[in-house]
Amino acid sequence: MKKVLVIGSLNCDYVINLPKMPETGETLLCGGYELVPGGKGANQAYTLGKLGGSAAMLGAVGGDGPGAKLLDNLRSVEVDVSGIKTVTGVSTGTAFIFVDSSGSNSIIVAQGANLRVDEEYIRENDRLLRECDIVLLQLEIPIETVLYAAKRAKGLGKTVILDPAPARPDLPRELYRWVDYIKPNEVELGMLLGDSEAQNSLDESTAILQGLGVKNVVVTLGERGAFLREENGLTRAFPPVSGLRVVDTTAAGDSFTAALAYGLSAGSGLHEALELAICVSGLAVTKKGAQTSIPDMAEVRAYMQAHNKKL
Ligand code: RIB
């Protein structure tokens, strides 16, 4: 089993379930809220651990109760959290998540300690970069840190996976050169390419990203599955899972990317790893919350066997 290092955010999620999203100026009432461990980076590290992978994480929490709980949750699935720093006097990242009755969400993140994940800290933890095989990045920490980590990882000959979420239109172009796998959803893909490219087909859009230097492009399409453009230029559509009821899409993308990394770390081919990722994220959206929704390998195996999918 290869080692995966996740570099990213940890958030305490305040989740509010609503029949519909609030309009501007509208006040909605709800019964209560739930506190759930989240953060795109932590969700990915947790998924890797829960599936039985070998994962370590670099990131930061505040010196508060939510930070300690986030670390405990990662430890519960044997993620190596020894490199995660605790910054006193700063609050742990906090996400405010609204989920409507269709399972769609709107999220606001108060970044807190995640903003302290700087280049110097990554340099101090270079040992973890050297010891891993795959580096998994998202965009909830400073972009300069993402750039540095991707470049350093590539320089060390590691495989770099970038989940470009939350999407931003100003992603530095040079970043693409260090990325082996990028995994936007359709909205993120549109943002990465800018409005002028919005009308392109998946085939064209993924070719543009590849032209910028990314080796493999995977676009998640929600209920339509996923689309892959491989390093050799071949493309392939992957069907979605069937027979699952969407309850909450939070962490669908995180669990997909982490399962892809898990599959590659376990020696699967890219197509197999993507089949796994589709199942893992499909199962994750059947439950509420971020890390609370991640399936273990027994659940994944049972689903895949029942649907004649190869694991
Ligand atoms: O991708 C889902 C995550 O986005 C949530 O857990 C929340 O913390 C935000 O980072």
# chains A, B, ... in the order shown; residues from 1 in each chain; ligands from 1
>>> residues_near_ligand(ligand="ligand 1", cutoff="6 Å", atoms="only C-alpha atoms and all ligand atoms", output="PyMOL selection string")
chain A and resi 11+13+38-40+95+250-251+254+290
>>> select_by_dssp(residues="segment 45-110 of chain A", states="alpha helix (DSSP H)", output="list in words")
Ala45, Tyr46, Thr47, Leu48, Gly49, Lys50, Leu51, Gly65, Pro66, Gly67, Ala68, Lys69, Leu70, Leu71, Asp72, Asn73, Leu74 and Arg75 of chain A
>>> closest_residue(among="A:Met297, A:Leu311, A:Val146, A:Leu70", to="Gly49 of chain A", atoms="only C-alpha atoms")
A:Met297
>>> closest_residue(among="A:Asn216, A:Gln111, A:Thr235, A:Ser102", to="Val90 of chain A", atoms="only C-alpha atoms")
A:Gln111
>>> closest_atom_pairs(of="segment 59-158 of chain A", to="segment 2-5 of chain A", cutoff="8 Å", atoms="only C-alpha atoms", output="tab-separated table")
residue	atom	partner	partner_atom	distance
A:Leu128	CA	A:Leu5	CA	7.2
A:Leu129	CA	A:Leu5	CA	7.0
A:Glu131	CA	A:Lys3	CA	7.6
A:Cys132	CA	A:Lys3	CA	4.8
A:Asp133	CA	A:Lys3	CA	5.3
A:Ile134	CA	A:Val4	CA	4.7
A:Val135	CA	A:Leu5	CA	4.9
A:Leu136	CA	A:Leu5	CA	6.1
>>> write_last_selection(atoms="N, CA, C and O atoms", output="CSV table (one decimal), in the first residue's frame")
chain,number,residue,atom,x,y,z
A,128,LEU,N,7.6,14.4,5.7
A,128,LEU,CA,6.3,13.7,5.3
A,128,LEU,C,6.1,13.7,3.8
A,128,LEU,O,5.6,12.7,3.2
A,129,LEU,N,6.6,14.7,3.2
A,129,LEU,CA,6.5,14.8,1.7
A,129,LEU,C,7.5,13.7,1.1
A,129,LEU,O,7.1,13.0,0.1
A,131,GLU,N,8.5,11.0,2.5
A,131,GLU,CA,8.1,9.6,2.9
A,131,GLU,C,6.8,9.1,2.1
A,131,GLU,O,6.6,7.9,2.1
A,132,CYS,N,6.1,10.0,1.5
A,132,CYS,CA,4.8,9.6,0.9
A,132,CYS,C,5.0,9.3,-0.6
A,132,CYS,O,6.1,9.5,-1.2
A,133,ASP,N,4.0,8.7,-1.2
A,133,ASP,CA,4.1,8.4,-2.6
A,133,ASP,C,3.1,9.3,-3.4
A,133,ASP,O,3.3,9.6,-4.6
A,134,ILE,N,2.0,9.6,-2.8
A,134,ILE,CA,1.0,10.4,-3.4
A,134,ILE,C,0.6,11.7,-2.6
A,134,ILE,O,0.5,11.5,-1.3
A,135,VAL,N,0.5,12.8,-3.2
A,135,VAL,CA,0.2,14.0,-2.4
A,135,VAL,C,-1.2,14.5,-2.9
A,135,VAL,O,-1.4,14.6,-4.1
A,136,LEU,N,-2.1,14.7,-2.0
A,136,LEU,CA,-3.5,15.1,-2.3
A,136,LEU,C,-3.7,16.5,-1.8
A,136,LEU,O,-3.6,16.8,-0.6
>>> closest_residue(among="A:Thr47, A:Thr159, A:Thr257, A:Thr92", to="Ala226 of chain A", atoms="only C-alpha atoms")
A:Thr257
>>> closest_residue(among="A:Ile278, A:Val87, A:Ile141, A:Val219", to="Leu10 of chain A", atoms="only C-alpha atoms")
A:Ile141
>>> residues_around(residues="Thr286 of chain A", least_positions_apart="5", cutoff="12 Å", atoms="only C-alpha atoms", output="PDB file with C-alpha atoms, in the first residue's frame")
ATOM      1  CA  SER A 102     -32.892  17.666  -2.459  1.00  0.00           C
ATOM      2  CA  GLY A 103     -29.579  17.090  -0.623  1.00  0.00           C
ATOM      3  CA  VAL A 241     -24.133   4.257  -9.326  1.00  0.00           C
ATOM      4  CA  SER A 242     -27.758   3.207  -9.266  1.00  0.00           C
ATOM      5  CA  GLY A 243     -30.355   2.486  -6.611  1.00  0.00           C
ATOM      6  CA  LEU A 244     -29.052   4.967  -4.033  1.00  0.00           C
ATOM      7  CA  ARG A 245     -31.095   7.805  -2.532  1.00  0.00           C
ATOM      8  CA  VAL A 246     -29.404  11.225  -2.266  1.00  0.00           C
ATOM      9  CA  VAL A 247     -29.763  12.647   1.252  1.00  0.00           C
ATOM     10  CA  ASP A 248     -26.843  15.082   1.516  1.00  0.00           C
ATOM     11  CA  THR A 249     -24.185  15.778  -1.128  1.00  0.00           C
ATOM     12  CA  THR A 250     -21.686  17.251   1.374  1.00  0.00           C
ATOM     13  CA  ALA A 251     -18.263  15.577   0.908  1.00  0.00           C
ATOM     14  CA  ALA A 252     -19.337  13.831  -2.303  1.00  0.00           C
ATOM     15  CA  CYS A 279     -19.253   3.960  -5.518  1.00  0.00           C
ATOM     16  CA  VAL A 280     -17.672   5.580  -2.454  1.00  0.00           C
ATOM     17  CA  SER A 281     -19.077   9.034  -3.228  1.00  0.00           C
ATOM     18  CA  THR A 292     -20.179  11.080   9.222  1.00  0.00           C
ATOM     19  CA  SER A 293     -21.209   9.952   5.730  1.00  0.00           C
ATOM     20  CA  ILE A 294     -18.068   8.135   4.600  1.00  0.00           C
ATOM     21  CA  PRO A 295     -18.545   4.387   4.038  1.00  0.00           C
TER      22      PRO A 295
END
>>> closest_residue(among="A:Glu272, A:Ile7, A:Leu18, A:Lys309", to="Leu147 of chain A", atoms="only C-alpha atoms")
A:Ile7
>>> select_by_dssp(residues="segment 151-267 of chain A", states="strand (DSSP E)", output="VMD selection string")
chain A and resid 159 to 162 181 to 182 216 to 220 226 to 229 235 to 238
>>> closest_residue(among="A:Glu78, A:Thr94, A:Gln138, A:Thr27", to="Leu51 of chain A", atoms="only C-alpha atoms")
A:Glu78
>>> atom_distance(atom1="atom CA of Leu71 of chain A", atom2="atom CA of Ser255 of chain A")
18.1 Å
